[in-house]
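Text of target-v9.tsv (TSV, C-alpha atoms) as supplied:
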chain	number	residue	atom	x	y	z
A	29	MET	CA	0.00	0.00	0.00
A	30	ALA	CA	2.82	2.37	0.94
A	31	SER	CA	4.54	1.72	-2.34
A	32	SER	CA	1.63	3.02	-4.36
A	33	VAL	CA	1.90	6.25	-2.39
A	34	ALA	CA	5.55	6.35	-3.36
A	35	GLN	CA	4.74	5.71	-6.99
A	36	LYS	CA	2.13	8.42	-7.11
A	37	ARG	CA	4.42	10.88	-5.46
A	38	LEU	CA	7.32	10.03	-7.78
A	39	PHE	CA	5.10	10.33	-10.81
A	40	HIS	CA	3.96	13.72	-9.58
A	41	GLU	CA	7.54	14.87	-9.06
A	42	TYR	CA	8.49	13.56	-12.48
A	43	LYS	CA	5.69	15.58	-14.02
A	44	ASN	CA	6.72	18.75	-12.21
A	45	LEU	CA	10.35	18.30	-13.19
A	46	SER	CA	9.34	17.83	-16.81
A	47	THR	CA	6.91	20.70	-17.15
A	48	ASN	CA	8.97	23.11	-15.13
A	49	PRO	CA	12.58	21.93	-15.15
A	50	PRO	CA	15.05	23.80	-12.97
A	51	GLU	CA	17.97	25.36	-14.79
A	52	GLY	CA	20.61	22.81	-15.68
A	53	ILE	CA	18.74	19.76	-14.44
A	54	THR	CA	17.08	16.90	-16.25
A	55	ALA	CA	15.67	14.00	-14.29
A	56	GLY	CA	13.20	11.20	-14.66
A	57	PRO	CA	12.72	7.45	-14.42
A	58	VAL	CA	14.86	5.38	-16.73
A	59	SER	CA	11.67	3.58	-17.62
A	60	GLU	CA	8.23	4.31	-16.24
A	61	ASP	CA	7.86	0.61	-15.60
A	62	ASP	CA	10.06	1.16	-12.58
A	63	MET	CA	9.36	4.49	-10.93
A	64	PHE	CA	11.92	3.74	-8.22
A	65	TYR	CA	14.94	4.03	-10.48
A	66	TRP	CA	15.75	7.41	-11.96
A	67	GLU	CA	18.54	8.99	-13.83
A	68	ALA	CA	19.46	12.64	-13.55
A	69	LEU	CA	21.75	15.00	-15.41
A	70	ILE	CA	23.21	17.99	-13.62
A	71	GLU	CA	25.14	20.80	-15.22
A	72	GLY	CA	28.27	21.92	-13.49
A	73	PRO	CA	27.69	25.26	-11.78
A	74	GLY	CA	29.18	28.31	-13.46
A	75	GLY	CA	32.28	29.94	-12.01
A	76	THR	CA	33.57	26.61	-10.70
A	77	PRO	CA	35.91	24.06	-12.26
A	78	PHE	CA	32.80	21.99	-12.94
A	79	GLU	CA	31.48	24.68	-15.29
A	80	GLY	CA	30.50	23.39	-18.70
A	81	GLY	CA	30.30	19.81	-17.54
A	82	VAL	CA	27.31	17.53	-17.42
A	83	PHE	CA	27.14	14.84	-14.76
A	84	ALA	CA	24.95	11.80	-14.85
A	85	ALA	CA	23.70	10.23	-11.65
A	86	GLU	CA	21.33	7.46	-10.75
A	87	LEU	CA	18.73	7.85	-8.05
A	88	LYS	CA	17.31	4.85	-6.27
A	89	PHE	CA	14.18	5.36	-4.25
A	90	PRO	CA	13.12	3.20	-1.32
A	91	LYS	CA	9.66	1.66	-1.30
A	92	ASP	CA	8.66	3.94	1.55
A	93	TYR	CA	9.65	7.13	-0.24
A	94	PRO	CA	9.10	9.96	0.69
A	95	LEU	CA	9.51	8.81	4.29
A	96	SER	CA	13.04	7.69	3.51
A	97	PRO	CA	15.38	9.49	1.13
A	98	PRO	CA	16.70	8.06	-2.13
A	99	THR	CA	20.35	7.32	-2.71
A	100	MET	CA	22.25	9.14	-5.39
A	101	LYS	CA	25.30	7.96	-7.25
A	102	PHE	CA	27.23	9.60	-10.02
A	103	VAL	CA	27.74	7.22	-12.89
A	104	SER	CA	30.09	7.24	-15.85
A	105	GLY	CA	33.34	8.21	-14.23
A	106	GLY	CA	32.16	9.58	-10.95
A	107	VAL	CA	33.06	13.04	-9.76
A	108	TRP	CA	36.27	14.16	-8.10
A	109	HIS	CA	34.86	15.96	-5.13
A	110	PRO	CA	35.35	15.85	-1.33
A	111	ASN	CA	31.70	14.87	-0.75
A	112	VAL	CA	31.46	12.19	-3.40
A	113	TYR	CA	32.74	8.71	-2.63
A	114	PRO	CA	35.22	7.29	-5.12
A	115	ASN	CA	32.46	4.95	-6.38
A	116	GLY	CA	30.27	7.97	-7.16
A	117	THR	CA	27.87	7.85	-4.20
A	118	VAL	CA	26.91	11.32	-3.07
A	119	CYS	CA	27.24	12.16	0.61
A	120	ILE	CA	25.17	15.20	1.43
A	121	SER	CA	22.96	16.05	4.36
A	122	ILE	CA	19.69	16.21	2.40
A	123	LEU	CA	20.15	12.54	1.54
A	124	HIS	CA	20.41	11.53	5.18
A	125	PRO	CA	17.32	10.56	7.14
A	126	PRO	CA	16.58	12.97	9.99
A	127	GLY	CA	17.13	10.46	12.77
A	128	ASP	CA	20.48	9.38	11.49
A	129	ASP	CA	23.33	11.78	12.05
A	130	PRO	CA	26.45	9.94	13.06
A	131	ASN	CA	28.61	13.05	12.89
A	132	HIS	CA	26.32	15.44	14.72
A	133	TYR	CA	27.12	18.37	12.55
A	134	GLU	CA	24.01	18.55	10.40
A	135	HIS	CA	20.94	20.51	11.33
A	136	ALA	CA	17.71	18.58	11.21
A	137	SER	CA	16.34	21.08	8.74
A	138	GLU	CA	19.08	20.24	6.23
A	139	ARG	CA	18.38	16.56	6.32
A	140	TRP	CA	15.84	14.48	4.49
A	141	SER	CA	12.16	14.83	5.27
A	142	PRO	CA	9.08	14.17	3.18
A	143	ILE	CA	8.75	17.86	2.41
A	144	GLN	CA	12.01	17.71	0.46
A	145	SER	CA	11.95	16.56	-3.14
A	146	VAL	CA	14.05	15.25	-5.98
A	147	GLU	CA	14.33	18.78	-7.27
A	148	LYS	CA	15.70	20.04	-3.95
A	149	ILE	CA	18.17	17.17	-3.82
A	150	LEU	CA	19.49	17.94	-7.28
A	151	ILE	CA	19.75	21.65	-6.56
A	152	SER	CA	21.59	20.87	-3.30
A	153	VAL	CA	23.98	18.61	-5.16
A	154	MET	CA	24.59	21.36	-7.67
A	155	SER	CA	25.56	23.79	-4.94
A	156	MET	CA	27.58	21.08	-3.24
A	157	LEU	CA	29.67	20.87	-6.40
A	158	ALA	CA	30.36	24.58	-6.09
A	159	GLU	CA	31.01	24.54	-2.37
A	160	PRO	CA	32.39	21.33	-0.92
A	161	ASN	CA	31.64	20.62	2.71
A	162	ASP	CA	35.01	19.99	4.25
A	163	GLU	CA	33.58	18.65	7.50
A	164	SER	CA	32.60	15.23	6.23
A	165	PRO	CA	34.85	14.17	3.41
A	166	ALA	CA	33.60	11.11	1.56
A	167	ASN	CA	36.65	11.16	-0.67
A	168	VAL	CA	39.56	11.86	1.63
A	169	GLU	CA	42.06	12.20	-1.21
A	170	ALA	CA	39.92	14.75	-3.01
A	171	ALA	CA	39.29	16.64	0.22
A	172	LYS	CA	43.01	16.81	0.95
A	173	MET	CA	43.77	18.00	-2.55
A	174	TRP	CA	40.98	20.56	-2.37
A	175	ARG	CA	42.33	21.90	0.92
A	176	GLU	CA	46.04	21.87	0.20
A	177	ARG	CA	46.55	21.99	-3.54
A	178	ARG	CA	43.54	23.86	-4.86
A	179	SER	CA	44.88	24.51	-8.35
A	180	GLU	CA	45.74	20.86	-8.84
A	181	TYR	CA	42.25	19.93	-7.68
A	182	GLU	CA	40.67	22.36	-10.10
A	183	GLN	CA	42.77	21.12	-12.98
A	184	LYS	CA	41.83	17.53	-12.22
A	185	VAL	CA	38.15	18.44	-12.13
A	186	ARG	CA	38.43	20.28	-15.44
A	187	ASP	CA	40.11	17.29	-17.03
A	188	GLU	CA	37.35	14.99	-15.74
A	189	VAL	CA	34.71	17.34	-17.10
A	190	ARG	CA	36.22	17.18	-20.57
A	191	LYS	CA	36.60	13.43	-20.35
A	192	GLY	CA	32.98	13.11	-19.32
A	193	LEU	CA	31.96	14.86	-22.52
A	194	GLY	CA	34.10	12.53	-24.60
A	195	LEU	CA	36.87	15.03	-25.29
B	1355	MET	CA	-62.92	-16.86	-1.33
B	1356	GLN	CA	-61.43	-17.84	1.98
B	1357	ASP	CA	-60.54	-21.26	0.67
B	1358	ASP	CA	-59.09	-19.80	-2.46
B	1359	GLU	CA	-56.52	-17.48	-0.93
B	1360	PRO	CA	-54.18	-19.92	0.77
B	1361	SER	CA	-54.15	-22.15	-2.29
B	1362	LEU	CA	-53.10	-19.20	-4.38
B	1363	ASN	CA	-50.45	-18.08	-1.89
B	1364	ILE	CA	-48.62	-21.25	-1.18
B	1365	PRO	CA	-47.18	-21.66	-4.68
B	1366	SER	CA	-46.20	-18.03	-4.88
B	1367	LEU	CA	-44.59	-18.19	-1.47
B	1368	LEU	CA	-42.69	-21.22	-2.58
B	1369	THR	CA	-41.57	-19.50	-5.72
B	1370	LEU	CA	-40.44	-16.50	-3.71
B	1371	ALA	CA	-38.53	-18.75	-1.34
B	1372	VAL	CA	-36.79	-20.54	-4.16
B	1373	VAL	CA	-35.97	-17.33	-6.00
B	1374	SER	CA	-34.60	-15.62	-2.92
B	1375	PHE	CA	-32.57	-18.72	-2.10
B	1376	PHE	CA	-30.89	-18.50	-5.48
B	1377	VAL	CA	-30.43	-14.75	-5.28
B	1378	LEU	CA	-28.84	-15.06	-1.85
B	1379	ARG	CA	-26.64	-17.87	-2.99
B	1380	TRP	CA	-25.51	-15.83	-5.94
B	1381	PHE	CA	-24.67	-12.89	-3.72
B	1382	LEU	CA	-22.82	-15.02	-1.24
B	1383	ASN	CA	-20.75	-16.59	-3.94
B	1384	ARG	CA	-20.03	-13.32	-5.64
B	1385	ASP	CA	-18.81	-11.66	-2.48
B	1386	ASP	CA	-15.81	-12.83	-0.67
B	1387	SER	CA	-17.57	-14.86	2.00
B	1388	PRO	CA	-15.54	-18.00	1.95
B	1389	SER	CA	-17.99	-19.88	4.17
B	1390	SER	CA	-19.84	-22.25	1.90
B	1391	GLY	CA	-17.35	-23.45	-0.61
B	1392	GLY	CA	-16.40	-19.85	-1.32
B	1393	ARG	CA	-14.95	-20.32	-4.77
B	1394	PRO	CA	-16.65	-18.61	-7.65
B	1395	ARG	CA	-17.72	-21.60	-9.60
B	1396	GLY	CA	-18.08	-20.05	-13.00
B	1397	ARG	CA	-14.65	-18.54	-13.23
B	1398	GLY	CA	-12.73	-21.20	-11.51
B	1399	ASN	CA	-9.88	-19.96	-9.40
B	1400	ALA	CA	-7.15	-20.30	-11.94
B	1401	VAL	CA	-5.48	-16.97	-12.56
B	1402	ASP	CA	-3.40	-16.76	-15.67
B	1403	PRO	CA	0.25	-16.70	-14.48
B	1404	ALA	CA	1.13	-14.59	-17.52
B	1405	GLN	CA	-1.18	-11.85	-16.27
B	1406	VAL	CA	0.32	-11.99	-12.80
B	1407	GLU	CA	3.76	-11.82	-14.31
B	1408	GLN	CA	2.75	-8.82	-16.36
B	1409	ILE	CA	1.63	-6.91	-13.27
B	1410	ILE	CA	4.62	-8.03	-11.21
B	1411	GLN	CA	6.89	-6.56	-13.84
B	1412	MET	CA	5.18	-3.21	-13.58
B	1413	PHE	CA	4.92	-3.25	-9.81
B	1414	PRO	CA	7.60	-5.56	-8.49
B	1415	GLN	CA	6.95	-4.52	-4.93
B	1416	LEU	CA	3.46	-5.99	-4.79
B	1417	SER	CA	2.76	-9.40	-3.40
B	1418	VAL	CA	1.78	-12.10	-5.84
B	1419	ARG	CA	-1.06	-13.17	-3.60
B	1420	GLU	CA	-2.66	-9.74	-3.62
B	1421	ILE	CA	-2.36	-9.52	-7.37
B	1422	MET	CA	-3.89	-12.94	-7.87
B	1423	TRP	CA	-6.69	-12.11	-5.51
B	1424	ASP	CA	-7.50	-8.93	-7.36
B	1425	LEU	CA	-7.28	-10.60	-10.75
B	1426	GLN	CA	-9.57	-13.33	-9.63
B	1427	ARG	CA	-12.09	-10.90	-8.30
B	1428	ASN	CA	-12.21	-8.72	-11.37
B	1429	GLY	CA	-12.39	-11.65	-13.72
B	1430	GLY	CA	-8.79	-11.61	-14.88
B	1431	SER	CA	-8.50	-8.04	-16.12
B	1432	VAL	CA	-4.91	-6.80	-16.04
B	1433	ALA	CA	-6.11	-3.35	-16.99
B	1434	ALA	CA	-8.53	-3.14	-14.07
B	1435	THR	CA	-5.87	-4.24	-11.57
B	1436	THR	CA	-3.29	-1.85	-12.99
B	1437	GLU	CA	-5.81	0.95	-12.90
B	1438	ARG	CA	-6.59	0.16	-9.31
B	1439	ILE	CA	-2.91	0.26	-8.32
B	1440	LEU	CA	-2.19	3.44	-10.24
B	1441	THR	CA	-5.12	5.36	-8.84
B	1442	GLY	CA	-3.68	4.66	-5.41
B	1443	ARG	CA	-6.53	2.55	-4.10
B	1444	GLY	CA	-4.12	-0.26	-3.60
B	1445	LEU	CA	-4.95	-3.91	-3.59
B	1446	GLU	CA	-7.02	-5.58	-0.95
B	1447	THR	CA	-5.44	-8.03	1.38
B	1448	PRO	CA	-6.83	-11.40	0.43
B	1449	PRO	CA	-8.57	-13.45	3.13
B	1450	PRO	CA	-6.43	-16.10	4.73
B	1451	SER	CA	-8.47	-18.80	3.02
B	1452	PHE	CA	-7.22	-17.61	-0.34
B	1453	GLN	CA	-4.24	-19.81	-1.08
B	1454	PRO	CA	-3.49	-19.79	-4.78
B	1455	GLN	CA	-0.82	-22.02	-6.16
B	1456	ILE	CA	1.97	-19.65	-6.90
B	1457	THR	CA	3.93	-20.88	-9.84
B	1458	LEU	CA	5.89	-17.75	-10.60
B	1459	PRO	CA	9.65	-18.07	-10.69
B	1460	SER	CA	10.25	-15.64	-7.84
B	1461	THR	CA	8.44	-13.01	-5.87
B	1462	SER	CA	11.46	-11.06	-4.79
B	1463	THR	CA	10.99	-7.41	-4.06
B	1464	GLN	CA	13.91	-6.59	-6.29
B	1465	SER	CA	12.96	-4.28	-9.10
B	1466	THR	CA	12.71	-5.65	-12.58
B	1467	PRO	CA	16.15	-6.28	-13.96
B	1468	THR	CA	14.88	-5.87	-17.49
B	1469	SER	CA	14.62	-2.12	-17.41
B	1470	ARG	CA	18.03	-1.50	-16.01
B	1471	THR	CA	20.17	-4.09	-17.69
B	1472	PRO	CA	21.12	-1.83	-20.59
B	1473	LEU	CA	22.59	0.71	-18.19
B	1474	VAL	CA	24.29	-1.62	-15.80
B	1475	SER	CA	26.01	-3.45	-18.59
B	1476	LYS	CA	27.71	-0.24	-19.61
B	1477	SER	CA	31.01	0.45	-18.04
B	1478	ASP	CA	30.91	3.03	-15.30
B	1479	ALA	CA	33.90	4.84	-16.63
B	1480	GLN	CA	32.31	5.72	-19.93
B	1481	ASP	CA	31.85	9.26	-21.03
B	1482	LEU	CA	28.36	10.54	-21.61
B	1483	ILE	CA	28.63	10.54	-25.38
B	1484	SER	CA	29.18	6.79	-25.51
B	1485	ARG	CA	26.90	6.13	-22.57
B	1486	TYR	CA	23.92	7.55	-24.40
B	1487	ASN	CA	25.05	6.58	-27.89
B	1488	LEU	CA	25.31	10.16	-29.06
B	1489	LYS	CA	28.24	9.76	-31.41
B	1490	GLY	CA	25.99	9.70	-34.44
B	1491	GLN	CA	24.18	12.85	-33.40
B	1492	LEU	CA	27.45	14.56	-32.62
B	1493	ALA	CA	28.60	14.19	-36.21
B	1494	THR	CA	25.54	15.89	-37.63
B	1495	GLU	CA	25.99	19.62	-37.46
B	1496	PRO	CA	23.55	21.36	-35.16
B	1497	GLY	CA	20.82	23.32	-36.86
B	1498	PRO	CA	21.12	27.09	-36.93
B	1499	ASP	CA	19.00	27.49	-33.81
B	1500	ALA	CA	19.91	24.28	-32.04
B	1501	PRO	CA	23.25	24.94	-30.32
B	1502	THR	CA	22.55	26.15	-26.82
B	1503	SER	CA	18.93	25.76	-25.91
B	1504	PRO	CA	18.80	22.58	-23.91
B	1505	ALA	CA	15.69	23.57	-22.00
B	1506	SER	CA	13.63	24.09	-25.11
B	1507	ALA	CA	12.27	20.59	-25.26
B	1508	SER	CA	10.77	20.67	-21.81
B	1509	GLY	CA	7.31	19.30	-21.76
B	1510	TRP	CA	4.88	16.68	-20.70
B	1511	SER	CA	2.66	14.32	-22.56
B	1512	GLN	CA	-0.24	12.17	-21.53
B	1513	ASN	CA	1.31	9.40	-23.52
B	1514	LYS	CA	3.86	7.23	-21.78
B	1515	GLU	CA	6.09	6.60	-24.81
B	1516	GLU	CA	5.95	10.25	-25.78
B	1517	ARG	CA	7.02	11.27	-22.27
B	1518	GLN	CA	9.90	8.84	-22.41
B	1519	ARG	CA	10.93	10.27	-25.75
B	1520	LEU	CA	10.74	13.87	-24.50
B	1521	LEU	CA	12.87	13.06	-21.49
B	1522	GLN	CA	15.44	11.33	-23.63
B	1523	LYS	CA	15.53	14.25	-26.02
B	1524	ARG	CA	16.08	16.73	-23.20
B	1525	ARG	CA	18.87	14.56	-21.87
B	1526	ASP	CA	20.55	14.17	-25.24
B	1527	ASP	CA	20.20	17.88	-26.01
B	1528	MET	CA	21.74	18.80	-22.69
B	1529	ILE	CA	24.77	16.61	-23.27
B	1530	LEU	CA	25.23	17.60	-26.90
B	1531	ALA	CA	24.93	21.30	-26.08
B	1532	ALA	CA	27.54	20.99	-23.34
B	1533	ARG	CA	29.85	19.06	-25.60
B	1534	ARG	CA	29.61	21.60	-28.42
B	1535	LYS	CA	30.12	24.47	-26.04
B	1536	MET	CA	33.18	22.79	-24.61
B	1537	GLU	CA	34.56	22.19	-28.09
B	1538	GLN	CA	34.08	25.81	-29.03
B	1539	LYS	CA	35.73	26.92	-25.84
B	1540	SER	CA	38.80	24.81	-26.37
B	1541	GLN	CA	39.09	25.98	-29.96
B	1542	ALA	CA	38.91	29.60	-28.84
B	1543	GLN	CA	41.71	29.22	-26.32
B	1544	PRO	CA	43.92	26.29	-27.13
B	1545	LYS	CA	46.09	25.35	-24.26

Encoded form (C-alpha cells):
Amino acid sequence: MASSVAQKRLFHEYKNLSTNPPEGITAGPVSEDDMFYWEALIEGPGGTPFEGGVFAAELKFPKDYPLSPPTMKFVSGGVWHPNVYPNGTVCISILHPPGDDPNHYEHASERWSPIQSVEKILISVMSMLAEPNDESPANVEAAKMWRERRSEYEQKVRDEVRKGLGL
Amino acid sequence: MQDDEPSLNIPSLLTLAVVSFFVLRWFLNRDDSPSSGGRPRGRGNAVDPAQVEQIIQMFPQLSVREIMWDLQRNGGSVAATTERILTGRGLETPPPSFQPQITLPSTSTQSTPTSRTPLVSKSDAQDLISRYNLKGQLATEPGPDAPTSPASASGWSQNKEERQRLLQKRRDDMILAARRKMEQKSQAQPK
C-alpha cells in the first residue's frame, strides 16, 4: 500500500520536473515501468571548475519514499569531489534521514524529510559541487587535494569534465 | 374466497422462497464470503500466471497473492488491476483462506532487472557521449538554432512513450549542447 503512495508521489515529481525543469537539471525514471529508479543529469555550476560539464547520476528510491530518502550515485566516471565517494555515491545532508546523524554536525532542517523533493536534492547537489563541505569528506584524497593543492584539484576536475563529454 | 386465498399463496410463497434462495446464494458466492465453498464456480480460481507476471513486472513490490486475488475478483483483467494500483486505491489483502498455487519463478521485491540491464552493462567509466550513444548525433551539425537551448524541449505528454521520448531528447540535447560548447571553448583558447 505504501509503495503506491511512493509511486504516485514520484510520478507527480516527475511531471513537475518535466513541465517546469530547474535550470541545468534533467531527471526522470529510466523507464516508467520502474518508478523507483531514476537517472538525472546535472550541469556543473558556473564559475567553478565543474562549469560546462554535465554529470549523470542514478537515483534509487526506497519503497517507503518519501519517508526515507533516495540514494544518489554519479555514474560514468564519478566526480572528483570531497563529498562524493570514489564509487560515485553522493554524501550530502539532504540525503540523510533525519534520525540518522552519526557526525552530529548537520541541522535537522538540512536533512531528508518528506517535504524535500528530488528537485531540492538535485539543486543541493549542484551547490555542493560549487562549495564542498570539508567537514565530512567522503573522498579523503579529493578533500586533501581541495584543501592543500587547490589549483591541482581544479585542474583535475576540469580534465574529468572534458573526459565526461568525450573530449 | 377464503378457501381460495391460501391455495393461491402457497405456490407463490414457494416461488419467492426458491428465487430468494438462489439470489442469496448468488450474492454469497459473488462476495468474498468463503464460508460455503467460497470459490466462484463459473470462473474457476485459476489466474493466468502470464497476467500476474505482467503486473509483477510493472509493480515488483506488490505481493503475488494480492495480485492474484484482485485478478480473480475482477475476472482476470490486467487493466482493471493496474488501474486500481495506479489510482492509489491499492490492492485488498486477500482473506487467509485464499491460497493460490503460486507458480511464478520468484516473488522477490527486487525491481525488474529488465529495465536497467542496458545501463548496468555499460562500463561506469564511460563518457556521456558513448553512454547515451550520441556519437551519431554529434557528427551531424547542429541546426542554426539548435546549439545552446537545452531547456527548449521541456514538456509533458499524456502518452507514456511520448514522455519517455521527450525526457530522452532533453537529456541528449543537454549533453550535446555541453559538448559543443566545450569544443568551441577549447578551440577559442587552445592550451

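Note that the spacing between atom CA of Leu1378 of chain B and atom CA of Asp1402 of chain B amounts to 29.0 Å.
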
Open item on the list: Tell me as a VMD selection string which residues belonging to chain A come within 10 Å of chain B, counting all atoms listed in the file.
Closed with: chain A and resid 29 to 36 42 to 65 67 to 72 79 to 84 91 102 to 106 115 to 116 188 to 195

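Counting from atom CA of Ser164 of chain A, the distance to atom CA of Leu95 of chain A is 24.0 Å.
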
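Closest to Ile122 of chain A among A:Trp108, A:Trp66, A:Trp140, A:Phe78 is A:Trp140, based on only C-alpha atoms.
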
Open item on the list: Between atom CA of Phe89 of chain A and atom CA of Val1406 of chain B, what is the distance in Å, rounded to a tenth?
Closed with: 23.8 Å

Open item on the list: Residues near Pro142 of chain A, anyone? I mean within 9 Å using all atoms listed in the file, not counting same-chain ones fewer than 6 positions away, as a PyMOL selection string.
Closed with: chain A and resi 93-97
